[in-house]
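Engineer: First the structure, which I've put down as structure tokens, then a few questions once you've had a look.
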Amino acid sequence: MGERMLMQYLPPYMQGYRELAQIMKGEQVEVDALWEALVDGMKEQFIGDATEYGISRWERIMGITPKATDTLDERRFRVLVRLNESLPYTYRSLNQRLSDICGSDGYVVALDTSAYTLNVKINLINRSNFGDVQELLDRIVPANLVVSLEIIYNQHFTVAAYTHAFLAGRTHGQIRNEVLQ
């Protein structure tokens, strides 16, 4: 914190006194701590810069329960998604939100207006976001639509690209339920 030294604020003729130098040295620690608290407080005003403390406050305000495995960036992202939700619901805004959560090609949406149903399928690679997608749909989809959410598991055309030797080392459950690489 060399740029905010208390001694520099004293007139030049007073800077030579040892007593004042010792007082300023003792108070410098407190001033530095206050300055850091001020900087942290400013960071908490912006989601992108918020610390663990700031994000936890936003989560409490919005009723978000973080997962134990979430990183700070994932928690920031979840808070931003919640802040960006806006009513009224539109099909385009739903697609944008799903794209934010699952990636542009990580989901499929089918809206049947005659049967009042909305079918959302997310790719297997995004199954960790299943709960987030479910919460999003619960919050923004109108109550007159029946919503179904599913995971797109590996299918024959997906598995056909792999050799028998590659697949032989896996169980049927692993082939269906895990992302093959």
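Each chain of the structure tokens is named A, B, ... in the order shown, its residues numbered from 1; ligands are numbered from 1 in display order.
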Taking 6 positions as the minimum chain separation for residues in the same chain, which residues sit within 8 Å of range 23-29 of chain A when counting only C-alpha atoms? Answer as a PyMOL selection string.
Structural biologist: chain A and resi 5-7
Engineer: Please produce an output containing all heavy atoms for each residue in the selection, written as a short mmCIF file (atom, residue, chain, number, x, y, z; two decimals), in the first residue's frame.
Structural biologist:
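Produced file result_25.cif, reproduced below:
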```cif
data_model
loop_
_atom_site.label_atom_id
_atom_site.label_comp_id
_atom_site.auth_asym_id
_atom_site.auth_seq_id
_atom_site.Cartn_x
_atom_site.Cartn_y
_atom_site.Cartn_z
N MET A 5 0.48 6.28 1.92
CA MET A 5 1.19 6.34 3.20
C MET A 5 0.73 7.58 3.96
O MET A 5 0.72 8.69 3.43
CB MET A 5 2.70 6.38 2.99
CG MET A 5 3.25 5.15 2.27
SD MET A 5 2.92 3.60 3.12
CE MET A 5 3.87 3.83 4.60
N LEU A 6 0.35 7.40 5.22
CA LEU A 6 -0.16 8.50 6.03
C LEU A 6 0.89 9.60 6.21
O LEU A 6 0.55 10.78 6.30
CB LEU A 6 -0.62 7.99 7.39
CG LEU A 6 -1.90 7.16 7.38
CD1 LEU A 6 -2.24 6.67 8.78
CD2 LEU A 6 -3.06 7.93 6.81
N MET A 7 2.14 9.22 6.28
CA MET A 7 3.21 10.21 6.47
C MET A 7 3.20 11.25 5.34
O MET A 7 3.56 12.40 5.56
CB MET A 7 4.58 9.53 6.54
CG MET A 7 4.91 8.89 7.87
SD MET A 7 4.99 10.06 9.22
CE MET A 7 6.48 10.94 8.81
#
```
Engineer: Please identify all polymer residues within 10 Å of Trp58 in chain A, counting only C-alpha atoms, omitting same-chain residues fewer than 3 positions from it, and present them as a list in words.
Structural biologist: Glu44, Ile47, Ala50, Tyr53, Gly54, Ile55, Ile61, Met62, Gly63, Ile64, Arg75, Arg76, Val79, Leu80 and Leu83 of chain A
Engineer: What does the file look like for those residues with C-alpha atoms, as a PDB file, in the first residue's frame?
Structural biologist:
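Writing the result to part_39.pdb gives the following:
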```pdb
ATOM      1  CA  GLU A  44     -19.336  -6.643  -4.417  1.00  0.00           C
ATOM      2  CA  ILE A  47     -21.339  -9.669 -10.168  1.00  0.00           C
ATOM      3  CA  ALA A  50     -17.750 -10.092  -6.606  1.00  0.00           C
ATOM      4  CA  TYR A  53     -18.889 -13.143   0.207  1.00  0.00           C
ATOM      5  CA  GLY A  54     -20.665 -11.013  -2.399  1.00  0.00           C
ATOM      6  CA  ILE A  55     -21.870 -13.977  -4.441  1.00  0.00           C
ATOM      7  CA  ILE A  61     -31.260 -12.580  -1.949  1.00  0.00           C
ATOM      8  CA  MET A  62     -32.355 -14.649  -4.947  1.00  0.00           C
ATOM      9  CA  GLY A  63     -32.996 -17.909  -3.112  1.00  0.00           C
ATOM     10  CA  ILE A  64     -30.259 -19.797  -4.951  1.00  0.00           C
ATOM     11  CA  ARG A  75     -22.041 -19.445  -8.969  1.00  0.00           C
ATOM     12  CA  ARG A  76     -21.527 -16.053 -10.640  1.00  0.00           C
ATOM     13  CA  VAL A  79     -26.650 -15.381 -10.330  1.00  0.00           C
ATOM     14  CA  LEU A  80     -26.301 -13.602 -13.694  1.00  0.00           C
ATOM     15  CA  LEU A  83     -30.775 -11.562 -12.853  1.00  0.00           C
TER      16      LEU A  83
END
```
Engineer: Return as a ChimeraX atom specification the full set of residues in range 20-179 of chain A whose backbone-based DSSP assignment is helix (DSSP H, G or I).
Structural biologist: /A:20-43,52-62,72-84,91-102,124-140,156-159,164-168,172-177
Engineer: Quick check for you: according to DSSP on this backbone, which residues of range 15-143 of chain A are classed as strand (DSSP E)? Reply as a list in words.
Structural biologist: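 Matching residues, listed in order: Tyr107, Val108, Val109, Ala110, Leu111, Asp112, Thr117, Leu118, Asn119, Val120, Lys121, Ile122 and Asn123 of chain A.
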Engineer: Need to verify the contact set: Tyr107 in chain A, 6 Å, only C-alpha atoms, exclusion of same-chain residues closer than 6 positions in sequence. Can you return it as a ChimeraX atom specification?
Structural biologist: /A:121-123
Engineer: Take the residues just selected and output them with N, CA and C atoms as an mmCIF file, in the first residue's frame.
Structural biologist:
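Everything below was put into selection.cif:
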```
data_model
loop_
_atom_site.group_PDB
_atom_site.id
_atom_site.type_symbol
_atom_site.label_atom_id
_atom_site.label_comp_id
_atom_site.auth_asym_id
_atom_site.auth_seq_id
_atom_site.Cartn_x
_atom_site.Cartn_y
_atom_site.Cartn_z
ATOM 1 N N LYS A 121 -35.240 -31.138 -24.293
ATOM 2 C CA LYS A 121 -34.278 -32.228 -24.135
ATOM 3 C C LYS A 121 -32.892 -31.610 -24.119
ATOM 4 N N ILE A 122 -32.087 -32.021 -23.139
ATOM 5 C CA ILE A 122 -30.714 -31.514 -23.071
ATOM 6 C C ILE A 122 -29.752 -32.656 -23.341
ATOM 7 N N ASN A 123 -28.631 -32.316 -23.949
ATOM 8 C CA ASN A 123 -27.627 -33.326 -24.285
ATOM 9 C C ASN A 123 -27.028 -33.940 -23.033
#
```
Engineer: For Asp112 in chain A, find every residue with an atom within 12 Å (counting only C-alpha atoms), except residues of its own chain fewer than 5 positions away, and show them as a list in words.
Structural biologist: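 Counting only the stated atoms, we get Tyr91, Thr117, Leu118, Asn119, Val120, Leu145, Val146, Val147 and Ser148 of chain A.
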Engineer: Would you export the selected residues with C-alpha atoms as a PDB file, in the first residue's frame, please?
Structural biologist:
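This went into again_31.pdb:
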```
ATOM      1  CA  TYR A  91     -39.941 -18.574 -26.984  1.00  0.00           C
ATOM      2  CA  THR A 117     -46.902 -28.781 -24.283  1.00  0.00           C
ATOM      3  CA  LEU A 118     -43.273 -27.784 -24.160  1.00  0.00           C
ATOM      4  CA  ASN A 119     -40.688 -30.544 -24.534  1.00  0.00           C
ATOM      5  CA  VAL A 120     -37.092 -29.748 -23.668  1.00  0.00           C
ATOM      6  CA  LEU A 145     -48.085 -25.302 -20.557  1.00  0.00           C
ATOM      7  CA  VAL A 146     -47.232 -28.876 -19.662  1.00  0.00           C
ATOM      8  CA  VAL A 147     -43.453 -29.071 -19.497  1.00  0.00           C
ATOM      9  CA  SER A 148     -41.344 -32.176 -19.933  1.00  0.00           C
TER      10      SER A 148
END
```
Engineer: When you count only C-alpha atoms, which of these residues is closest to Arg4 in chain A: A:Asp32, A:Glu52, A:Glu19, A:Glu74?
Structural biologist: A:Asp32
Engineer: With a distance cut-off of 7 Å and only C-alpha atoms, select the neighbouring residues of Leu124 in chain A, excluding the residue or stretch itself and same-chain residues fewer than 3 positions from it, and output the selection as JSON, numbers by chain.
Structural biologist: {"A": [127, 151, 152, 153, 179]}
Engineer: Please indicate the distance in Å from CA of Leu98 in chain A to CA of Gly173 in chain A, rounded to one decimal place.
Structural biologist: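 These two atoms are separated by 27.0 Å.
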Engineer: Have a look at CA of Glu59 in chain A and CA of Val109 in chain A and let me know their distance in Å, one decimal.
Structural biologist: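 These two atoms are separated by 28.1 Å.
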Engineer: Go through A:Arg60, A:Arg170, A:Lys67, A:Arg78 one by one, measure the shortest atom-to-atom distance of each to Gly48 in chain A using only C-alpha atoms, and give the residue with the smallest value.
Structural biologist: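 Closest candidate: A:Arg78.
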Engineer: Can you tell me how far CA of Ala115 in chain A sits from CA of Arg97 in chain A, in Å to one decimal?
Structural biologist: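 Going from CA of Ala115 in chain A over to CA of Arg97 in chain A covers 23.3 Å.
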